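model-v8.tsv follows; it contains TSV, C-alpha atoms and all ligand atoms.
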```
chain	number	residue	atom	x	y	z
P	5	MET	CA	0.00	0.00	0.00
P	6	SER	CA	1.25	3.47	-0.81
P	7	GLY	CA	0.14	7.09	-0.88
P	8	SER	CA	-1.40	9.17	1.88
P	9	SER	CA	-5.06	9.21	0.77
P	10	PRO	CA	-7.02	5.96	1.27
P	11	ARG	CA	-7.01	3.92	-1.90
P	12	GLN	CA	-10.40	2.76	-3.16
P	13	LEU	CA	-11.32	0.15	-5.76
P	14	SER	CA	-14.86	-0.32	-7.12
P	15	ILE	CA	-15.63	-3.60	-8.90
P	16	VAL	CA	-18.81	-4.16	-10.89
P	17	THR	CA	-19.32	-7.85	-11.65
P	18	PHE	CA	-21.87	-8.49	-14.36
P	19	ILE	CA	-23.39	-11.98	-14.26
P	20	ASP	CA	-25.58	-12.48	-17.33
P	21	ALA	CA	-29.16	-13.59	-16.46
P	22	LEU	CA	-28.65	-13.68	-12.68
P	23	GLY	CA	-32.29	-12.67	-12.21
P	24	TRP	CA	-33.95	-11.73	-8.92
P	25	GLU	CA	-36.20	-14.80	-9.25
P	26	VAL	CA	-33.17	-16.96	-10.12
P	27	LEU	CA	-31.52	-15.94	-6.83
P	28	LYS	CA	-34.69	-16.41	-4.78
P	29	GLY	CA	-34.34	-19.25	-2.27
P	30	ARG	CA	-30.66	-19.68	-3.11
P	31	SER	CA	-27.59	-18.76	-1.20
P	32	PHE	CA	-24.99	-16.47	-2.80
P	33	MET	CA	-22.54	-14.27	-0.88
P	34	GLU	CA	-25.09	-13.15	1.76
P	35	GLU	CA	-22.39	-12.30	4.29
P	36	GLU	CA	-20.40	-10.02	2.03
P	37	LEU	CA	-23.13	-8.59	-0.20
P	38	THR	CA	-25.66	-7.39	2.36
P	39	TYR	CA	-27.41	-4.88	0.08
P	40	ARG	CA	-29.70	-6.89	-2.19
P	41	GLN	CA	-32.53	-5.75	-4.45
P	42	PRO	CA	-34.27	-6.44	-7.77
P	43	LEU	CA	-33.77	-4.12	-10.74
P	44	ARG	CA	-36.37	-3.68	-13.46
P	45	SER	CA	-34.97	-4.84	-16.78
P	46	VAL	CA	-35.25	-3.20	-20.17
P	47	PHE	CA	-37.45	-4.74	-22.89
P	48	GLY	CA	-35.28	-6.75	-25.26
P	49	PHE	CA	-32.55	-9.38	-25.19
P	50	SER	CA	-29.02	-8.94	-23.80
P	51	SER	CA	-28.21	-7.11	-27.04
P	52	ALA	CA	-30.50	-4.32	-25.70
P	53	CYS	CA	-30.03	-4.71	-21.92
P	54	VAL	CA	-26.22	-4.66	-21.84
P	55	PRO	CA	-26.05	-1.39	-23.84
P	56	SER	CA	-28.59	0.09	-21.39
P	57	ILE	CA	-26.34	-0.87	-18.44
P	58	LEU	CA	-23.26	0.51	-20.19
P	59	THR	CA	-24.89	3.86	-21.16
P	60	GLY	CA	-27.79	4.44	-18.76
P	61	LEU	CA	-29.97	4.96	-21.85
P	62	GLN	CA	-33.16	3.34	-23.11
P	63	PRO	CA	-32.92	1.27	-26.32
P	64	ARG	CA	-34.51	4.09	-28.38
P	65	ASP	CA	-31.58	6.33	-27.38
P	66	HIS	CA	-28.58	3.96	-27.67
P	67	LYS	CA	-30.22	2.33	-30.72
P	68	HIS	CA	-29.27	-1.26	-29.83
P	69	TRP	CA	-32.08	-3.78	-29.69
P	70	SER	CA	-32.59	-7.16	-31.40
P	71	PHE	CA	-29.64	-8.02	-33.62
P	72	PHE	CA	-31.30	-7.95	-37.07
P	73	TYR	CA	-33.31	-5.12	-38.59
P	74	LYS	CA	-34.53	-4.17	-42.07
P	75	ALA	CA	-31.61	-2.96	-44.20
P	76	GLY	CA	-31.70	0.52	-45.67
P	77	ALA	CA	-30.02	1.52	-48.91
P	78	GLU	CA	-26.76	0.04	-47.68
P	79	ARG	CA	-27.13	-3.74	-47.68
P	80	PRO	CA	-24.10	-5.14	-45.88
P	81	PHE	CA	-25.13	-8.78	-46.40
P	82	HIS	CA	-25.97	-8.39	-50.09
P	83	HIS	CA	-23.46	-11.03	-51.20
P	84	LEU	CA	-24.37	-13.53	-48.49
P	85	ARG	CA	-27.61	-14.43	-50.26
P	86	TRP	CA	-25.57	-16.73	-52.53
P	87	PHE	CA	-24.97	-18.88	-49.45
P	88	LYS	CA	-28.50	-20.17	-50.09
P	89	LEU	CA	-26.89	-22.42	-52.73
P	90	LEU	CA	-24.88	-24.22	-50.06
P	91	PRO	CA	-26.32	-27.52	-48.78
P	92	SER	CA	-28.62	-26.57	-45.89
P	93	SER	CA	-28.04	-29.99	-44.27
P	94	ILE	CA	-24.55	-28.70	-43.40
P	95	PHE	CA	-24.80	-24.92	-43.42
P	96	ASP	CA	-27.92	-24.65	-41.28
P	97	LYS	CA	-26.28	-26.55	-38.41
P	98	GLY	CA	-25.72	-24.34	-35.32
P	99	ARG	CA	-22.04	-25.15	-35.00
P	100	VAL	CA	-21.28	-24.51	-38.66
P	101	ARG	CA	-23.19	-21.21	-38.57
P	102	SER	CA	-21.26	-20.14	-35.45
P	103	LYS	CA	-17.93	-20.82	-37.18
P	104	LEU	CA	-19.11	-19.05	-40.29
P	105	SER	CA	-20.27	-16.07	-38.18
P	106	LYS	CA	-16.78	-15.73	-36.70
P	107	TYR	CA	-15.21	-15.84	-40.14
P	108	LEU	CA	-17.68	-13.28	-41.53
P	109	ALA	CA	-17.21	-10.91	-38.56
P	110	LYS	CA	-13.50	-10.84	-39.43
P	111	TRP	CA	-14.24	-10.36	-43.12
P	112	PHE	CA	-16.62	-7.44	-42.42
P	113	GLY	CA	-14.27	-5.98	-39.80
P	114	TYR	CA	-16.93	-6.24	-37.06
P	115	THR	CA	-15.53	-6.11	-33.52
P	116	GLY	CA	-18.90	-6.72	-31.81
P	117	TYR	CA	-20.61	-10.03	-31.12
P	118	PHE	CA	-21.74	-11.30	-34.51
P	119	GLN	CA	-24.02	-14.33	-34.94
P	120	LEU	CA	-25.98	-15.37	-38.01
P	121	TYR	CA	-28.25	-17.52	-35.85
P	122	ASN	CA	-30.87	-19.14	-38.05
P	123	ILE	CA	-31.67	-16.25	-40.42
P	124	PRO	CA	-32.36	-17.91	-43.80
P	125	PHE	CA	-29.57	-17.18	-46.30
P	126	LYS	CA	-32.08	-16.54	-49.09
P	127	HIS	CA	-33.36	-13.51	-47.13
P	128	ILE	CA	-30.26	-12.35	-45.28
P	129	ASP	CA	-29.52	-9.61	-47.83
P	130	LYS	CA	-32.68	-7.83	-46.65
P	131	PHE	CA	-31.32	-7.32	-43.12
P	132	ASP	CA	-28.71	-5.27	-41.31
P	133	TYR	CA	-27.10	-5.99	-37.91
P	134	CYS	CA	-26.96	-3.73	-34.85
P	135	GLU	CA	-23.83	-4.82	-32.95
P	136	LYS	CA	-21.01	-4.16	-35.37
P	137	ARG	CA	-18.66	-2.68	-32.77
P	138	ASP	CA	-17.36	-3.93	-29.43
P	139	LEU	CA	-19.79	-2.64	-26.75
P	140	PHE	CA	-17.06	-2.87	-24.11
P	141	LYS	CA	-14.81	-0.32	-25.79
P	142	ALA	CA	-15.04	3.48	-25.98
P	143	GLY	CA	-16.95	4.33	-29.18
P	144	GLY	CA	-18.80	0.99	-29.16
P	145	MET	CA	-22.34	2.36	-29.08
P	146	ASN	CA	-24.61	3.13	-32.04
P	147	SER	CA	-25.55	6.33	-30.19
P	148	GLY	CA	-24.41	7.87	-26.91
P	149	ALA	CA	-21.34	7.37	-24.74
P	150	ASN	CA	-20.69	4.21	-22.73
P	151	ILE	CA	-19.00	3.94	-19.33
P	152	PHE	CA	-15.63	3.22	-20.96
P	153	GLU	CA	-15.72	6.53	-22.86
P	154	ARG	CA	-16.59	8.29	-19.61
P	155	LEU	CA	-13.71	6.61	-17.77
P	156	GLU	CA	-11.23	7.50	-20.50
P	157	THR	CA	-12.41	11.12	-20.73
P	158	ALA	CA	-12.07	11.45	-16.96
P	159	GLY	CA	-8.67	9.72	-17.01
P	160	VAL	CA	-9.75	7.00	-14.57
P	161	PRO	CA	-7.54	3.88	-14.79
P	162	TYR	CA	-9.78	0.83	-15.21
P	163	SER	CA	-9.92	-2.84	-16.06
P	164	VAL	CA	-12.52	-4.45	-18.30
P	165	SER	CA	-13.00	-8.11	-19.25
P	166	ASN	CA	-12.71	-9.42	-22.76
P	167	TRP	CA	-16.12	-10.97	-23.58
P	168	ARG	CA	-14.44	-13.35	-26.02
P	169	GLU	CA	-12.53	-14.99	-23.16
P	170	SER	CA	-13.72	-17.58	-20.62
P	171	GLU	CA	-14.93	-16.61	-17.15
P	172	SER	CA	-11.75	-18.09	-15.63
P	173	ALA	CA	-9.54	-16.09	-17.97
P	174	ASN	CA	-11.45	-12.89	-17.12
P	175	LEU	CA	-11.10	-13.57	-13.39
P	176	GLU	CA	-7.36	-14.15	-13.79
P	177	HIS	CA	-6.99	-10.99	-15.85
P	178	LEU	CA	-8.74	-8.87	-13.21
P	179	GLU	CA	-6.78	-10.49	-10.36
P	180	SER	CA	-3.55	-9.54	-12.09
P	181	ASP	CA	-4.76	-5.94	-12.70
P	182	ILE	CA	-5.70	-5.68	-9.01
P	183	LYS	CA	-2.24	-6.89	-7.95
P	184	GLN	CA	-0.67	-4.16	-10.06
P	185	GLY	CA	-2.70	-1.74	-7.98
P	186	ASP	CA	-3.10	0.99	-10.61
P	187	ILE	CA	-6.81	0.66	-11.43
P	188	LYS	CA	-9.63	2.47	-9.61
P	189	PHE	CA	-12.56	0.78	-11.35
P	190	ALA	CA	-13.20	-2.69	-12.81
P	191	PHE	CA	-15.95	-4.22	-14.91
P	192	LEU	CA	-15.89	-8.00	-14.71
P	193	TYR	CA	-18.00	-9.77	-17.35
P	194	MET	CA	-19.38	-13.26	-16.69
P	195	ALA	CA	-21.53	-14.82	-19.43
P	196	ASP	CA	-21.91	-18.50	-18.58
P	197	MET	CA	-24.90	-18.30	-16.24
P	198	ASP	CA	-27.07	-17.19	-19.18
P	199	SER	CA	-26.24	-20.18	-21.40
P	200	LEU	CA	-26.66	-22.56	-18.45
P	201	LEU	CA	-30.11	-21.12	-17.60
P	202	HIS	CA	-31.24	-21.38	-21.23
P	203	MET	CA	-30.24	-25.03	-21.18
P	204	VAL	CA	-31.42	-26.26	-17.77
P	205	GLY	CA	-33.91	-23.60	-16.55
P	206	LYS	CA	-33.91	-21.66	-13.28
P	207	ASN	CA	-35.10	-24.55	-11.09
P	208	SER	CA	-32.14	-26.84	-11.83
P	209	LYS	CA	-29.57	-27.91	-9.21
P	210	LYS	CA	-26.94	-26.97	-11.79
P	211	VAL	CA	-27.76	-23.30	-11.08
P	212	ASP	CA	-26.88	-23.80	-7.39
P	213	GLU	CA	-23.66	-25.50	-8.49
P	214	LYS	CA	-22.81	-22.57	-10.74
P	215	LEU	CA	-23.38	-20.09	-7.87
P	216	SER	CA	-21.10	-22.25	-5.72
P	217	TRP	CA	-18.50	-21.93	-8.46
P	218	TYR	CA	-18.75	-18.12	-8.53
P	219	GLU	CA	-18.75	-17.57	-4.76
P	220	PRO	CA	-15.21	-18.70	-3.79
P	221	ARG	CA	-13.80	-16.97	-6.86
P	222	MET	CA	-15.48	-13.69	-5.91
P	223	GLN	CA	-14.21	-14.12	-2.33
P	224	GLN	CA	-10.69	-14.69	-3.65
P	225	LEU	CA	-10.96	-11.55	-5.77
P	226	LEU	CA	-12.14	-9.56	-2.73
P	227	ALA	CA	-9.26	-10.90	-0.63
P	228	THR	CA	-6.69	-9.95	-3.26
P	229	ALA	CA	-8.29	-6.51	-3.66
P	230	ARG	CA	-8.20	-5.92	0.11
P	231	GLU	CA	-4.48	-6.74	0.18
P	232	ASN	CA	-3.90	-3.98	-2.35
P	233	TYR	CA	-6.52	-1.34	-1.51
P	234	ASP	CA	-7.86	0.28	1.67
P	235	GLU	CA	-11.49	0.07	0.56
P	236	VAL	CA	-13.06	-2.40	-1.86
P	237	ARG	CA	-16.61	-1.72	-3.06
P	238	LEU	CA	-18.13	-4.72	-4.80
P	239	PHE	CA	-21.32	-4.68	-6.90
P	240	VAL	CA	-22.86	-7.70	-8.61
P	241	CYS	CA	-25.51	-6.97	-11.22
P	242	SER	CA	-27.34	-8.66	-14.07
P	243	ASP	CA	-29.25	-7.59	-17.16
P	244	HIS	CA	-32.43	-9.70	-16.87
P	245	GLY	CA	-33.80	-12.90	-15.37
P	246	MET	CA	-34.97	-16.15	-16.94
P	247	ALA	CA	-38.47	-17.61	-17.40
P	248	THR	CA	-39.10	-21.34	-17.63
P	249	VAL	CA	-40.33	-22.32	-21.09
P	250	THR	CA	-43.53	-24.34	-20.99
P	251	LYS	CA	-45.02	-23.71	-24.43
P	252	HIS	CA	-43.95	-23.41	-28.09
P	253	VAL	CA	-45.87	-21.70	-30.85
P	254	ASP	CA	-45.18	-21.83	-34.59
P	255	ILE	CA	-45.96	-18.23	-35.56
P	256	MET	CA	-43.79	-18.49	-38.69
P	257	SER	CA	-46.01	-21.16	-40.31
P	258	LYS	CA	-49.19	-19.20	-39.50
P	259	ILE	CA	-47.78	-16.13	-41.29
P	260	GLU	CA	-46.31	-18.08	-44.20
P	261	GLU	CA	-49.66	-19.76	-44.87
P	262	LEU	CA	-51.06	-16.33	-45.79
P	263	PRO	CA	-51.05	-15.41	-49.50
P	264	TYR	CA	-48.30	-12.78	-49.04
P	265	LYS	CA	-44.66	-12.95	-50.01
P	266	PHE	CA	-41.79	-12.63	-47.55
P	267	GLY	CA	-39.44	-10.03	-48.97
P	268	GLY	CA	-42.10	-8.75	-51.40
P	269	ASP	CA	-45.21	-7.91	-49.38
P	270	TYR	CA	-43.61	-7.91	-45.97
P	271	LEU	CA	-40.42	-8.65	-44.05
P	272	ALA	CA	-40.25	-10.42	-40.69
P	273	THR	CA	-37.77	-11.58	-38.11
P	274	TYR	CA	-38.79	-14.23	-35.66
P	275	ASP	CA	-36.81	-13.78	-32.44
P	276	SER	CA	-37.49	-16.34	-29.69
P	277	THR	CA	-40.01	-14.22	-27.79
P	278	MET	CA	-41.20	-11.75	-30.40
P	279	ALA	CA	-42.01	-11.46	-34.09
P	280	ARG	CA	-41.19	-8.18	-35.82
P	281	PHE	CA	-42.68	-7.04	-39.15
P	282	TRP	CA	-42.18	-4.40	-41.84
P	283	PHE	CA	-44.82	-3.98	-44.54
P	284	ASN	CA	-44.76	-3.03	-48.21
P	285	ASN	CA	-48.56	-2.86	-48.61
P	286	PRO	CA	-51.60	-2.34	-46.34
P	287	GLU	CA	-53.18	-5.69	-47.35
P	288	SER	CA	-50.36	-7.79	-45.92
P	289	GLU	CA	-50.32	-5.61	-42.79
P	290	ALA	CA	-54.08	-6.11	-42.22
P	291	ALA	CA	-53.88	-9.87	-42.80
P	292	ILE	CA	-50.86	-10.35	-40.54
P	293	ARG	CA	-52.43	-8.20	-37.83
P	294	LYS	CA	-55.60	-10.30	-37.98
P	295	THR	CA	-53.61	-13.55	-37.77
P	296	LEU	CA	-51.57	-12.32	-34.78
P	297	GLU	CA	-54.65	-11.01	-32.98
P	298	ALA	CA	-56.08	-14.52	-33.23
P	299	CYS	CA	-52.97	-16.00	-31.49
P	300	PRO	CA	-53.75	-16.14	-27.76
P	301	GLU	CA	-50.10	-16.72	-26.76
P	302	GLY	CA	-49.10	-13.06	-26.95
P	303	LYS	CA	-50.08	-9.57	-28.10
P	304	ILE	CA	-49.20	-6.83	-30.56
P	305	LEU	CA	-47.54	-3.99	-28.65
P	306	SER	CA	-49.19	-0.60	-29.17
P	307	LYS	CA	-47.13	2.47	-30.07
P	308	GLU	CA	-47.91	3.90	-26.60
P	309	GLU	CA	-46.59	0.78	-24.90
P	310	LEU	CA	-43.40	0.86	-26.99
P	311	VAL	CA	-42.93	4.52	-26.00
P	312	SER	CA	-43.32	3.66	-22.31
P	313	LEU	CA	-40.84	0.78	-22.71
P	314	GLY	CA	-38.25	3.08	-24.34
P	315	CYS	CA	-38.44	0.97	-27.49
P	316	ASP	CA	-40.00	3.42	-29.97
P	317	PHE	CA	-37.26	3.64	-32.59
P	318	GLU	CA	-36.66	6.33	-35.17
P	319	GLY	CA	-38.14	5.21	-38.51
P	320	ASP	CA	-39.46	2.00	-36.86
P	321	GLN	CA	-35.94	0.63	-37.28
P	322	TYR	CA	-36.63	-2.62	-35.42
P	323	GLY	CA	-40.13	-3.28	-36.76
P	324	GLU	CA	-43.38	-1.53	-37.67
P	325	MET	CA	-45.37	-4.14	-35.78
P	326	ILE	CA	-44.08	-6.09	-32.78
P	327	TYR	CA	-45.84	-9.17	-31.48
P	328	LEU	CA	-44.61	-10.22	-28.01
P	329	LEU	CA	-45.29	-13.60	-26.45
P	330	ASP	CA	-46.36	-14.17	-22.85
P	331	ALA	CA	-43.54	-15.19	-20.49
P	332	GLY	CA	-42.83	-18.92	-20.77
P	333	THR	CA	-43.82	-19.26	-24.44
P	334	ILE	CA	-41.32	-19.24	-27.32
P	335	ILE	CA	-41.61	-19.03	-31.08
P	336	LEU	CA	-40.40	-22.34	-32.52
P	337	PRO	CA	-38.92	-22.61	-35.04
P	338	SER	CA	-37.58	-19.06	-35.06
P	339	HIS	CA	-34.75	-17.17	-36.69
P	340	MET	CA	-32.85	-17.69	-33.42
P	341	GLY	CA	-33.04	-21.48	-33.41
P	342	THR	CA	-34.97	-24.64	-34.22
P	343	LYS	CA	-34.43	-26.59	-31.00
P	344	PRO	CA	-36.56	-26.29	-27.86
P	345	ILE	CA	-34.85	-24.83	-24.76
P	346	THR	CA	-35.73	-24.77	-21.06
P	347	GLY	CA	-35.21	-21.11	-20.18
P	348	MET	CA	-35.81	-17.87	-22.07
P	349	HIS	CA	-35.80	-14.12	-21.47
P	350	GLY	CA	-36.80	-11.14	-23.59
P	351	TYR	CA	-40.37	-10.92	-22.27
P	352	HIS	CA	-42.24	-7.90	-20.94
P	353	PRO	CA	-40.23	-6.17	-18.14
P	354	ASP	CA	-43.41	-6.16	-15.98
P	355	HIS	CA	-43.15	-9.94	-15.59
P	356	HIS	CA	-41.34	-10.94	-12.37
P	357	ASP	CA	-39.06	-13.38	-14.22
P	358	SER	CA	-37.66	-10.44	-16.20
P	359	ASP	CA	-36.24	-8.72	-13.10
P	360	ALA	CA	-32.47	-8.38	-12.80
P	361	SER	CA	-30.52	-8.24	-9.50
P	362	LEU	CA	-28.23	-5.82	-7.74
P	363	LEU	CA	-26.10	-6.99	-4.81
P	364	SER	CA	-23.38	-4.95	-3.08
P	365	ASN	CA	-21.26	-4.65	0.04
P	366	VAL	CA	-21.98	-0.89	0.31
P	367	PRO	CA	-25.26	1.02	-0.14
P	368	PRO	CA	-25.60	1.51	-3.92
P	369	PRO	CA	-25.49	5.23	-4.81
P	370	GLY	CA	-28.58	6.95	-6.23
P	371	ASN	CA	-31.53	4.70	-5.23
P	372	PRO	CA	-31.35	2.42	-8.29
P	373	THR	CA	-34.57	0.82	-9.54
P	374	CYS	CA	-33.79	-0.14	-13.15
P	375	ILE	CA	-30.77	-1.68	-14.91
P	376	THR	CA	-30.15	1.71	-16.59
P	377	ASP	CA	-29.29	3.02	-13.09
P	378	VAL	CA	-26.20	0.78	-12.98
P	379	PHE	CA	-24.58	3.35	-15.28
P	380	ASN	CA	-25.04	6.04	-12.62
P	381	ILE	CA	-23.59	3.68	-9.99
P	382	MET	CA	-20.52	3.14	-12.19
P	383	THR	CA	-19.92	6.82	-12.99
P	384	THR	CA	-20.43	7.79	-9.32
P	385	GLU	CA	-18.10	5.05	-8.07
P	386	ALA	CA	-15.41	5.92	-10.60
P	387	GLY	CA	-15.88	9.71	-10.35
P	388	ALA	CA	-16.22	9.73	-14.14
B	401	ZN	ZN	-29.69	-15.30	-22.92
```

The structure in this file should be written as structure tokens.
Amino acid sequence: MSGSSPRQLSIVTFIDALGWEVLKGRSFMEEELTYRQPLRSVFGFSSACVPSILTGLQPRDHKHWSFFYKAGAERPFHHLRWFKLLPSSIFDKGRVRSKLSKYLAKWFGYTGYFQLYNIPFKHIDKFDYCEKRDLFKAGGMNSGANIFERLETAGVPYSVSNWRESESANLEHLESDIKQGDIKFAFLYMADMDSLLHMVGKNSKKVDEKLSWYEPRMQQLLATARENYDEVRLFVCSDHGMATVTKHVDIMSKIEELPYKFGGDYLATYDSTMARFWFNNPESEAAIRKTLEACPEGKILSKEELVSLGCDFEGDQYGEMIYLLDAGTIILPSHMGTKPITGMHGYHPDHHDSDASLLSNVPPPGNPTCITDVFNIMTTEAGA
């Protein structure tokens, strides 16, 4: 330890999908993290929630939401439509598409998380993609400044995980930065809880096992930090929770049975919990609206509701009509996947399974209620 003023380190640990309802009835760092509360999530998937945490903004303002949206004049995936000629028995497999996505990200020069998912190649030229840049770097947002820009402008030395690396590698990286003793703020990114919850659901014993994996590692991090700093302020937060999937609905077939042409009359993306549409004529719009209104598993979101959710986008970028399913139901097959899963998120933020969590060893600054308030916690902690 050096210097005359007390040295302080603030660590924000992000655990993807560590929802308030996921934590309920489970034990996780109660002794250390005595301040515990739910946070309201933002409507959308992690591709919307993480940008809201990193900027404090609603999706309409940072302009990140679901990955794919209708392409404008610039069609970045124009040439990819020829991939439709490849044998779908091979090129529609998840693992092959993941590899291909990595290769294409390099080719396009994208530094963000890029995944083709299950978007059909014959239509991919009609879409654009919202996460072309690394969210965890200064300048990574489509609009607005993220925490890393704020830290750099304020000249605050910080550590941030590399989302491409494993949780263990990110823990090791932070531990070594803490030992150096130069940083004042750290953002630790942990992604594995999300994939586990999708696979096994929130009621599985495997979730308890995963928490028991995190706990000693977080304790170790705290111990190392306390050897090198006078005060260590630890926050654990998430972006959303996880609902248990009990029902599938094939919205895609219902729409494709109508006498309207995908790409001609209308365009659609089928995310796991919502279907989003753009229309080229009022007939297809009326017919699709009627079909969706007859599906009891969800509802079309009104413009007013989208405004209140912070998801009213300029030029209806992410869809002119958005049909959202009730929590626990997924669209299957969808453009996200063809296999059933046990857990899903991306439902209405009013549903209790959507709630995120905030845990800390000090009172969190600013009376946070929503995940967007984590940004204020970070800037206050870092003095940025
Ligand atoms: Zn997820």

Residue neighbourhood P:Glu156, 10 Å, all atoms listed in the file, exclusion window fewer than 6 positions, as a count of residues only: 3

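Of note, atom CA of P:Leu336 and atom CA of P:Trp86 are spaced 25.5 Å apart.
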
Neighbour list for stretch 267-278 of chain P as a ChimeraX atom specification, cut-off 7 Å, all atoms listed in the file, skip fewer than 3 positions in-chain: /P:264,281-285,288,326-329,334-335,338-340,350-351

Same residues, C-alpha atoms, saved as a compact mmCIF listing (two decimals), keeping the file's coordinate frame:
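Resulting contents of part38.txt:
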```
# COMPACT_ATOMS: atom_id res chain seq x y z
CA TYR P 264 -48.30 -12.78 -49.04
CA PHE P 281 -42.68 -7.04 -39.15
CA TRP P 282 -42.18 -4.40 -41.84
CA PHE P 283 -44.82 -3.98 -44.54
CA ASN P 284 -44.76 -3.03 -48.21
CA ASN P 285 -48.56 -2.86 -48.61
CA SER P 288 -50.36 -7.79 -45.92
CA ILE P 326 -44.08 -6.09 -32.78
CA TYR P 327 -45.84 -9.17 -31.48
CA LEU P 328 -44.61 -10.22 -28.01
CA LEU P 329 -45.29 -13.60 -26.45
CA ILE P 334 -41.32 -19.24 -27.32
CA ILE P 335 -41.61 -19.03 -31.08
CA SER P 338 -37.58 -19.06 -35.06
CA HIS P 339 -34.75 -17.17 -36.69
CA MET P 340 -32.85 -17.69 -33.42
CA GLY P 350 -36.80 -11.14 -23.59
CA TYR P 351 -40.37 -10.92 -22.27
```

P:Thr383: which residues within 9 Å, counting all atoms listed in the file, same-chain residues fewer than 6 positions away excluded, as a ChimeraX atom specification? /P:151,154-155

Using all atoms listed in the file, what are the residues with an atom within 8 Å of ligand ZN 401 (chain B), set out as a PyMOL selection string? chain P and resi 20-21+49-50+198-199+201-202+348-349

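Separating atom CA of P:Ala77 from atom CA of P:Lys307 is a distance of 25.5 Å.
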
Rounded to one decimal place, report the atom CA of P:Ala360-atom CA of P:Ser45 distance in Å.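 Distance reported for this atom pair: 5.9 Å.
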
Measuring between all atoms listed in the file, which one of P:Gly98, P:Met325, P:Pro124, P:Lys258 shows the shortest distance to P:Ser306?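 Of all the options, P:Met325 lies closest to P:Ser306.
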
Fewer than 6 positions away in the same chain doesn't count, so skip those; otherwise give me all residues within 7 Å of stretch 108-115 of chain P, counting only C-alpha atoms, as a PDB file with C-alpha atoms, keeping the file's coordinate frame.
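Printed below is result.pdb as written:
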```
ATOM      1  CA  LYS P 136     -21.010  -4.160 -35.370  1.00  0.00           C
ATOM      2  CA  ARG P 137     -18.660  -2.680 -32.770  1.00  0.00           C
ATOM      3  CA  ASP P 138     -17.360  -3.930 -29.430  1.00  0.00           C
TER       4      ASP P 138
END
```

Shortest interatomic distance to P:Thr59 - which of P:Val26, P:Leu89, P:Val160, P:Ile375, counting all atoms listed in the file: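 Of P:Val26, P:Leu89, P:Val160, P:Ile375, the one nearest P:Thr59 is P:Ile375, counting all atoms listed in the file.
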
Go through P:Leu215, P:Leu225, P:Glu297, P:Gly341 one by one, measure the shortest atom-to-atom distance of each to P:His177 using only C-alpha atoms, and give the residue with the smallest value.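 Nearest candidate to P:His177 out of P:Leu215, P:Leu225, P:Glu297, P:Gly341: P:Leu225.
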
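Checking P:Trp69, P:Phe125, P:Phe47, P:Phe189 one by one against P:Arg237, counting only C-alpha atoms, you find the shortest gap at P:Phe189.
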
Tell me, as a PyMOL selection string, which residues lie within 6 Å of P:Gly245, counting all atoms listed in the file; anything in the same chain fewer than 6 positions away does not count. chain P and resi 21-23+357-360
